[in-house]
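Shown next: protein.cif, given as mmCIF, N, CA and C atoms.
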```cif
data_upload
#
loop_
_atom_site.label_atom_id
_atom_site.label_comp_id
_atom_site.auth_asym_id
_atom_site.auth_seq_id
_atom_site.Cartn_x
_atom_site.Cartn_y
_atom_site.Cartn_z
N MET Y 1 -30.70 -13.18 -34.75
CA MET Y 1 -30.27 -13.30 -33.39
C MET Y 1 -29.51 -12.06 -32.98
N ASN Y 2 -29.86 -11.52 -31.85
CA ASN Y 2 -29.13 -10.35 -31.38
C ASN Y 2 -27.97 -10.76 -30.48
N GLN Y 3 -27.12 -9.82 -30.20
CA GLN Y 3 -25.89 -10.12 -29.48
C GLN Y 3 -26.17 -10.43 -28.01
N ALA Y 4 -27.20 -9.88 -27.43
CA ALA Y 4 -27.49 -10.10 -26.01
C ALA Y 4 -27.85 -11.55 -25.73
N SER Y 5 -28.52 -12.20 -26.65
CA SER Y 5 -28.94 -13.58 -26.40
C SER Y 5 -27.79 -14.57 -26.56
N THR Y 6 -26.72 -14.20 -27.25
CA THR Y 6 -25.60 -15.11 -27.44
C THR Y 6 -24.50 -14.88 -26.41
N ALA Y 7 -24.59 -13.84 -25.62
CA ALA Y 7 -23.56 -13.56 -24.62
C ALA Y 7 -23.67 -14.57 -23.48
N ALA Y 8 -22.51 -14.97 -22.96
CA ALA Y 8 -22.49 -15.90 -21.84
C ALA Y 8 -22.93 -15.17 -20.57
N PRO Y 9 -23.69 -15.85 -19.73
CA PRO Y 9 -24.11 -15.20 -18.48
C PRO Y 9 -22.89 -14.97 -17.57
N GLN Y 10 -22.89 -13.83 -16.89
CA GLN Y 10 -21.78 -13.52 -16.00
C GLN Y 10 -21.98 -14.21 -14.66
N LYS Y 11 -20.89 -14.72 -14.12
CA LYS Y 11 -20.96 -15.39 -12.82
C LYS Y 11 -20.77 -14.36 -11.72
N ALA Y 12 -21.43 -14.58 -10.61
CA ALA Y 12 -21.30 -13.68 -9.46
C ALA Y 12 -19.96 -13.94 -8.77
N ILE Y 13 -19.39 -12.89 -8.22
CA ILE Y 13 -18.13 -13.02 -7.47
C ILE Y 13 -18.48 -13.51 -6.07
N PRO Y 14 -17.82 -14.56 -5.62
CA PRO Y 14 -18.11 -15.06 -4.26
C PRO Y 14 -17.80 -14.01 -3.20
N SER Y 15 -18.60 -13.96 -2.16
CA SER Y 15 -18.41 -12.95 -1.11
C SER Y 15 -17.10 -13.16 -0.37
N SER Y 16 -16.61 -14.40 -0.29
CA SER Y 16 -15.33 -14.64 0.39
C SER Y 16 -14.18 -13.96 -0.36
N TYR Y 17 -14.27 -13.87 -1.68
CA TYR Y 17 -13.25 -13.17 -2.46
C TYR Y 17 -13.27 -11.67 -2.16
N VAL Y 18 -14.47 -11.14 -2.08
CA VAL Y 18 -14.61 -9.71 -1.80
C VAL Y 18 -14.07 -9.39 -0.41
N ILE Y 19 -14.35 -10.22 0.57
CA ILE Y 19 -13.85 -10.02 1.92
C ILE Y 19 -12.34 -10.14 1.96
N ALA Y 20 -11.77 -11.11 1.25
CA ALA Y 20 -10.32 -11.28 1.22
C ALA Y 20 -9.63 -10.08 0.60
N VAL Y 21 -10.20 -9.52 -0.46
CA VAL Y 21 -9.63 -8.33 -1.09
C VAL Y 21 -9.73 -7.14 -0.14
N PHE Y 22 -10.84 -7.00 0.53
CA PHE Y 22 -11.03 -5.90 1.48
C PHE Y 22 -10.02 -5.98 2.62
N VAL Y 23 -9.82 -7.15 3.18
CA VAL Y 23 -8.87 -7.33 4.28
C VAL Y 23 -7.44 -7.10 3.80
N GLY Y 24 -7.10 -7.62 2.63
CA GLY Y 24 -5.76 -7.41 2.08
C GLY Y 24 -5.45 -5.95 1.82
N ASN Y 25 -6.39 -5.23 1.25
CA ASN Y 25 -6.19 -3.80 1.01
C ASN Y 25 -6.09 -3.03 2.32
N GLY Y 26 -6.86 -3.42 3.31
CA GLY Y 26 -6.79 -2.77 4.62
C GLY Y 26 -5.44 -2.97 5.27
N LEU Y 27 -4.89 -4.17 5.18
CA LEU Y 27 -3.56 -4.42 5.75
C LEU Y 27 -2.48 -3.66 5.01
N GLU Y 28 -2.60 -3.57 3.71
CA GLU Y 28 -1.63 -2.82 2.92
C GLU Y 28 -1.69 -1.33 3.26
N PHE Y 29 -2.89 -0.80 3.41
CA PHE Y 29 -3.05 0.60 3.79
C PHE Y 29 -2.46 0.85 5.17
N TYR Y 30 -2.71 -0.06 6.11
CA TYR Y 30 -2.17 0.07 7.46
C TYR Y 30 -0.64 0.06 7.42
N ASP Y 31 -0.06 -0.79 6.61
CA ASP Y 31 1.39 -0.90 6.50
C ASP Y 31 1.99 0.42 6.02
N PHE Y 32 1.48 0.98 4.96
CA PHE Y 32 2.03 2.23 4.43
C PHE Y 32 1.72 3.42 5.32
N LEU Y 33 0.55 3.43 5.96
CA LEU Y 33 0.21 4.52 6.86
C LEU Y 33 1.12 4.52 8.08
N SER Y 34 1.36 3.34 8.65
CA SER Y 34 2.22 3.29 9.83
C SER Y 34 3.65 3.69 9.47
N TYR Y 35 4.13 3.29 8.29
CA TYR Y 35 5.48 3.70 7.88
C TYR Y 35 5.53 5.21 7.69
N ALA Y 36 4.51 5.78 7.09
CA ALA Y 36 4.51 7.22 6.85
C ALA Y 36 4.46 7.99 8.17
N LEU Y 37 3.71 7.49 9.15
CA LEU Y 37 3.62 8.17 10.43
C LEU Y 37 4.92 8.11 11.22
N PHE Y 38 5.67 7.03 11.06
CA PHE Y 38 6.91 6.85 11.80
C PHE Y 38 8.15 7.14 10.96
N ALA Y 39 7.99 7.82 9.85
CA ALA Y 39 9.11 8.08 8.94
C ALA Y 39 10.22 8.88 9.61
N VAL Y 40 9.87 9.81 10.47
CA VAL Y 40 10.89 10.62 11.16
C VAL Y 40 11.74 9.74 12.06
N TYR Y 41 11.09 8.86 12.82
CA TYR Y 41 11.82 7.99 13.74
C TYR Y 41 12.63 6.94 12.99
N ILE Y 42 12.08 6.44 11.90
CA ILE Y 42 12.80 5.47 11.07
C ILE Y 42 14.02 6.13 10.45
N GLY Y 43 13.87 7.36 10.02
CA GLY Y 43 14.99 8.10 9.45
C GLY Y 43 16.11 8.31 10.45
N ARG Y 44 15.76 8.64 11.68
CA ARG Y 44 16.77 8.83 12.72
C ARG Y 44 17.48 7.53 13.06
N ALA Y 45 16.74 6.42 13.06
CA ALA Y 45 17.31 5.13 13.47
C ALA Y 45 18.16 4.50 12.38
N PHE Y 46 17.72 4.55 11.13
CA PHE Y 46 18.39 3.82 10.06
C PHE Y 46 19.26 4.69 9.16
N PHE Y 47 19.05 6.00 9.17
CA PHE Y 47 19.83 6.91 8.34
C PHE Y 47 20.36 8.07 9.20
N PRO Y 48 21.22 7.75 10.17
CA PRO Y 48 21.72 8.82 11.04
C PRO Y 48 22.55 9.83 10.24
N SER Y 49 22.30 11.08 10.50
CA SER Y 49 22.98 12.15 9.79
C SER Y 49 22.97 13.38 10.67
N THR Y 50 23.89 14.29 10.42
CA THR Y 50 23.88 15.55 11.15
C THR Y 50 22.73 16.43 10.69
N ASN Y 51 22.25 16.18 9.49
CA ASN Y 51 21.13 16.93 8.93
C ASN Y 51 19.87 16.08 9.05
N SER Y 52 18.94 16.50 9.91
CA SER Y 52 17.73 15.70 10.13
C SER Y 52 16.84 15.66 8.89
N ALA Y 53 16.89 16.71 8.06
CA ALA Y 53 16.09 16.72 6.83
C ALA Y 53 16.57 15.63 5.87
N MET Y 54 17.88 15.41 5.83
CA MET Y 54 18.42 14.36 4.95
C MET Y 54 17.98 12.98 5.44
N SER Y 55 17.96 12.76 6.74
CA SER Y 55 17.49 11.49 7.28
C SER Y 55 16.03 11.25 6.91
N LEU Y 56 15.23 12.28 7.03
CA LEU Y 56 13.81 12.16 6.68
C LEU Y 56 13.64 11.89 5.19
N LEU Y 57 14.38 12.59 4.36
CA LEU Y 57 14.27 12.38 2.91
C LEU Y 57 14.71 10.98 2.51
N LEU Y 58 15.75 10.46 3.12
CA LEU Y 58 16.18 9.09 2.83
C LEU Y 58 15.13 8.08 3.28
N SER Y 59 14.52 8.33 4.41
CA SER Y 59 13.46 7.45 4.89
C SER Y 59 12.25 7.47 3.95
N LEU Y 60 11.87 8.65 3.50
CA LEU Y 60 10.73 8.76 2.59
C LEU Y 60 11.07 8.22 1.21
N ALA Y 61 12.33 8.33 0.79
CA ALA Y 61 12.73 7.74 -0.49
C ALA Y 61 12.61 6.22 -0.43
N THR Y 62 12.98 5.64 0.71
CA THR Y 62 12.82 4.20 0.88
C THR Y 62 11.34 3.82 0.83
N PHE Y 63 10.51 4.64 1.43
CA PHE Y 63 9.06 4.43 1.39
C PHE Y 63 8.55 4.51 -0.04
N GLY Y 64 9.07 5.46 -0.83
CA GLY Y 64 8.65 5.63 -2.20
C GLY Y 64 9.05 4.47 -3.09
N VAL Y 65 10.22 3.90 -2.84
CA VAL Y 65 10.67 2.75 -3.62
C VAL Y 65 9.78 1.53 -3.33
N ALA Y 66 9.33 1.42 -2.10
CA ALA Y 66 8.51 0.27 -1.71
C ALA Y 66 7.06 0.41 -2.13
N SER Y 67 6.63 1.60 -2.52
CA SER Y 67 5.22 1.81 -2.89
C SER Y 67 4.89 1.03 -4.17
N PRO Y 68 3.67 0.51 -4.23
CA PRO Y 68 3.28 -0.24 -5.44
C PRO Y 68 3.19 0.69 -6.64
N ARG Y 69 3.53 0.16 -7.76
CA ARG Y 69 3.48 0.95 -8.99
C ARG Y 69 2.20 0.63 -9.74
N CYS Y 70 1.64 1.64 -10.33
CA CYS Y 70 0.39 1.48 -11.09
C CYS Y 70 0.67 1.07 -12.51
#
```
Go through the file and emit its structure as structure tokens.
Amino acid sequence: MNQASTAAPQKAIPSSYVIAVFVGNGLEFYDFLSYALFAVYIGRAFFPSTNSAMSLLLSLATFGVASPRC
């Protein structure tokens, strides 16, 4: 008996699962993209400083902490 004949058949992934993953990843991408685009304004609003570069760096550091880890 060879190994191919004893292997269990693989089940197909339902299309609703694939769509749900696609939509979830799209929303996550939109969330991080919108934060990155508005990082300057978020920095000014939540991290007021006389140095605008420091406000931006604090805003981006917050963005980096929230990023998913691999």
Hits of the PyMOL selection byres ((chain Y and resi 34-45) around 8) in this structure, as a compact mmCIF listing (two decimals) with N, CA and C atoms, in the coordinates of the input:
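The result, written out as part-v1.txt:
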```
# COMPACT_ATOMS: atom_id res chain seq x y z
N GLU Y 28 -2.60 -3.57 3.71
CA GLU Y 28 -1.63 -2.82 2.92
C GLU Y 28 -1.69 -1.33 3.26
N PHE Y 29 -2.89 -0.80 3.41
CA PHE Y 29 -3.05 0.60 3.79
C PHE Y 29 -2.46 0.85 5.17
N TYR Y 30 -2.71 -0.06 6.11
CA TYR Y 30 -2.17 0.07 7.46
C TYR Y 30 -0.64 0.06 7.42
N ASP Y 31 -0.06 -0.79 6.61
CA ASP Y 31 1.39 -0.90 6.50
C ASP Y 31 1.99 0.42 6.02
N PHE Y 32 1.48 0.98 4.96
CA PHE Y 32 2.03 2.23 4.43
C PHE Y 32 1.72 3.42 5.32
N LEU Y 33 0.55 3.43 5.96
CA LEU Y 33 0.21 4.52 6.86
C LEU Y 33 1.12 4.52 8.08
N PHE Y 46 17.72 4.55 11.13
CA PHE Y 46 18.39 3.82 10.06
C PHE Y 46 19.26 4.69 9.16
N PHE Y 47 19.05 6.00 9.17
CA PHE Y 47 19.83 6.91 8.34
C PHE Y 47 20.36 8.07 9.20
N PRO Y 48 21.22 7.75 10.17
CA PRO Y 48 21.72 8.82 11.04
C PRO Y 48 22.55 9.83 10.24
N SER Y 49 22.30 11.08 10.50
CA SER Y 49 22.98 12.15 9.79
C SER Y 49 22.97 13.38 10.67
N SER Y 52 18.94 16.50 9.91
CA SER Y 52 17.73 15.70 10.13
C SER Y 52 16.84 15.66 8.89
N MET Y 54 17.88 15.41 5.83
CA MET Y 54 18.42 14.36 4.95
C MET Y 54 17.98 12.98 5.44
N SER Y 55 17.96 12.76 6.74
CA SER Y 55 17.49 11.49 7.28
C SER Y 55 16.03 11.25 6.91
N LEU Y 56 15.23 12.28 7.03
CA LEU Y 56 13.81 12.16 6.68
C LEU Y 56 13.64 11.89 5.19
N LEU Y 57 14.38 12.59 4.36
CA LEU Y 57 14.27 12.38 2.91
C LEU Y 57 14.71 10.98 2.51
N LEU Y 58 15.75 10.46 3.12
CA LEU Y 58 16.18 9.09 2.83
C LEU Y 58 15.13 8.08 3.28
N SER Y 59 14.52 8.33 4.41
CA SER Y 59 13.46 7.45 4.89
C SER Y 59 12.25 7.47 3.95
N LEU Y 60 11.87 8.65 3.50
CA LEU Y 60 10.73 8.76 2.59
C LEU Y 60 11.07 8.22 1.21
N PHE Y 63 10.51 4.64 1.43
CA PHE Y 63 9.06 4.43 1.39
C PHE Y 63 8.55 4.51 -0.04
```
Report as JSON the centre and the edge lengths, in Å to one decimal, of the axis-aligned box holding every listed atom of stretch 17-23 of chain Y, padded by 3 Å on each side.
```
{"center_x": -11.0, "center_y": -9.9, "center_z": 0.9, "size_x": 13.2, "size_y": 14.0, "size_z": 12.7}
```
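The space between atom C of Y:Ala61 and atom C of Y:Leu27 spans 18.8 Å.
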Q: as number ranges by chain, please: all residues of chain Y that backbone DSSP puts in helix (DSSP H, G or I).
A: Y: 3-6, 15-37, 39-46, 52-66
Q: Please measure the separation of atom CA of Y:Thr62 and atom CA of Y:Val23, giving the value in Å to one decimal.
A: 24.8 Å
Q) At what distance in Å, to one decimal, does atom CA of Y:Ile13 lie from atom CA of Y:Asn25? A) 17.3 Å
Your completed stretch 47-66 of chain Y with N, CA, C and O atoms, as a compact mmCIF listing (two decimals), in the frame of the given file:
```txt
# COMPACT_ATOMS: atom_id res chain seq x y z
N PHE Y 47 19.05 6.00 9.17
CA PHE Y 47 19.83 6.91 8.34
C PHE Y 47 20.36 8.07 9.20
O PHE Y 47 20.00 9.22 9.00
N PRO Y 48 21.22 7.75 10.17
CA PRO Y 48 21.72 8.82 11.04
C PRO Y 48 22.55 9.83 10.24
O PRO Y 48 23.35 9.47 9.38
N SER Y 49 22.30 11.08 10.50
CA SER Y 49 22.98 12.15 9.79
C SER Y 49 22.97 13.38 10.67
O SER Y 49 22.14 13.51 11.57
N THR Y 50 23.89 14.29 10.42
CA THR Y 50 23.88 15.55 11.15
C THR Y 50 22.73 16.43 10.69
O THR Y 50 22.27 17.29 11.42
N ASN Y 51 22.25 16.18 9.49
CA ASN Y 51 21.13 16.93 8.93
C ASN Y 51 19.87 16.08 9.05
O ASN Y 51 19.72 15.05 8.38
N SER Y 52 18.94 16.50 9.91
CA SER Y 52 17.73 15.70 10.13
C SER Y 52 16.84 15.66 8.89
O SER Y 52 16.12 14.69 8.67
N ALA Y 53 16.89 16.71 8.06
CA ALA Y 53 16.09 16.72 6.83
C ALA Y 53 16.57 15.63 5.87
O ALA Y 53 15.76 14.99 5.20
N MET Y 54 17.88 15.41 5.83
CA MET Y 54 18.42 14.36 4.95
C MET Y 54 17.98 12.98 5.44
O MET Y 54 17.64 12.12 4.63
N SER Y 55 17.96 12.76 6.74
CA SER Y 55 17.49 11.49 7.28
C SER Y 55 16.03 11.25 6.91
O SER Y 55 15.64 10.14 6.52
N LEU Y 56 15.23 12.28 7.03
CA LEU Y 56 13.81 12.16 6.68
C LEU Y 56 13.64 11.89 5.19
O LEU Y 56 12.84 11.04 4.79
N LEU Y 57 14.38 12.59 4.36
CA LEU Y 57 14.27 12.38 2.91
C LEU Y 57 14.71 10.98 2.51
O LEU Y 57 14.08 10.35 1.64
N LEU Y 58 15.75 10.46 3.12
CA LEU Y 58 16.18 9.09 2.83
C LEU Y 58 15.13 8.08 3.28
O LEU Y 58 14.87 7.08 2.59
N SER Y 59 14.52 8.33 4.41
CA SER Y 59 13.46 7.45 4.89
C SER Y 59 12.25 7.47 3.95
O SER Y 59 11.70 6.43 3.61
N LEU Y 60 11.87 8.65 3.50
CA LEU Y 60 10.73 8.76 2.59
C LEU Y 60 11.07 8.22 1.21
O LEU Y 60 10.19 7.70 0.51
N ALA Y 61 12.33 8.33 0.79
CA ALA Y 61 12.73 7.74 -0.49
C ALA Y 61 12.61 6.22 -0.43
O ALA Y 61 12.19 5.58 -1.40
N THR Y 62 12.98 5.64 0.71
CA THR Y 62 12.82 4.20 0.88
C THR Y 62 11.34 3.82 0.83
O THR Y 62 10.96 2.81 0.24
N PHE Y 63 10.51 4.64 1.43
CA PHE Y 63 9.06 4.43 1.39
C PHE Y 63 8.55 4.51 -0.04
O PHE Y 63 7.72 3.72 -0.48
N GLY Y 64 9.07 5.46 -0.83
CA GLY Y 64 8.65 5.63 -2.20
C GLY Y 64 9.05 4.47 -3.09
O GLY Y 64 8.32 4.07 -3.99
N VAL Y 65 10.22 3.90 -2.84
CA VAL Y 65 10.67 2.75 -3.62
C VAL Y 65 9.78 1.53 -3.33
O VAL Y 65 9.51 0.73 -4.22
N ALA Y 66 9.33 1.42 -2.10
CA ALA Y 66 8.51 0.27 -1.71
C ALA Y 66 7.06 0.41 -2.13
O ALA Y 66 6.32 -0.57 -2.10
```
